[in-house]
Amino acid sequence: MTENLVLAPPAARELAHHLDEWAKWRQTNDRTTADIDWDRFIAKSREKAQWQAGLAAEIDHWENLHAIQVALEDKLAGATAGGHTRQ
């Protein structure tokens, strides 16, 4: 989903910021899945999805949005580091 992501740096920065805010909200919104660590949050959410039909597809969407956020941040870090991506 992230391989075709093409945004100008100002738009990428804005989208990355909104996705970061969304992720923070999403990770704390439900006390049964709340966790500041993204992977633990996803694991807890997947467990909850086993008994809550339909949530698994939504969690996949969250992971896709998170992948976009990470890709944008990586691209922005590369753009601000003279074109070199972070390692």
# chains A, B, ... in the order shown; residues from 1 in each chain; ligands from 1
>>> residues_around(residues="A:Asp20", least_positions_apart="3", cutoff="10 Å", atoms="only C-alpha atoms", output="list of chain:residue names")
A:Glu14, A:Leu15, A:Ala16, A:His17, A:Ala23, A:Lys24, A:Trp25, A:Arg26, A:Leu65, A:His66, A:Gln69, A:Val70, A:Glu73
>>> write_last_selection(atoms="C-alpha atoms", output="PDB file, in the first residue's frame")
ATOM      1  CA  GLU A  14       0.728  17.317   7.231  1.00  0.00           C
ATOM      2  CA  LEU A  15      -0.581  13.802   6.541  1.00  0.00           C
ATOM      3  CA  ALA A  16       2.120  12.238   8.752  1.00  0.00           C
ATOM      4  CA  HIS A  17       1.150  14.616  11.571  1.00  0.00           C
ATOM      5  CA  ALA A  23      -2.600   6.663  16.025  1.00  0.00           C
ATOM      6  CA  LYS A  24      -2.163   8.188  19.496  1.00  0.00           C
ATOM      7  CA  TRP A  25      -5.931   8.589  19.824  1.00  0.00           C
ATOM      8  CA  ARG A  26      -6.645   5.101  18.458  1.00  0.00           C
ATOM      9  CA  LEU A  65      -2.568   3.751   7.784  1.00  0.00           C
ATOM     10  CA  HIS A  66       0.331   3.198  10.182  1.00  0.00           C
ATOM     11  CA  GLN A  69       2.625   7.162   8.382  1.00  0.00           C
ATOM     12  CA  VAL A  70       5.961   5.356   8.809  1.00  0.00           C
ATOM     13  CA  GLU A  73       8.155   9.885   8.116  1.00  0.00           C
TER      14      GLU A  73
END
>>> atom_distance(atom1="atom CA of A:Lys48", atom2="atom CA of A:Thr33")
7.6 Å
>>> residues_around(residues="stretch 27-30 of chain A", least_positions_apart="4", cutoff="12 Å", atoms="only C-alpha atoms", output="list in words")
Leu19, Asp20, Glu21, Trp22, Ala23, Ala34, Asp35, Ile36, Asp37, Trp38, Asp39, Arg40, Phe41, Ile42, Ala43, Lys44, Ser45, Lys48, Ile59, Trp62, Glu63 and His66 of chain A
>>> closest_residue(among="A:His61, A:Lys75, A:Arg31, A:His18", to="A:Glu3", atoms="only C-alpha atoms")
A:Lys75
>>> atom_distance(atom1="atom CA of A:Ala79", atom2="atom CA of A:Asn4")
17.2 Å
>>> closest_residue(among="A:Asp60, A:Ala77, A:Leu5, A:Thr32", to="A:Glu47", atoms="only C-alpha atoms")
A:Thr32
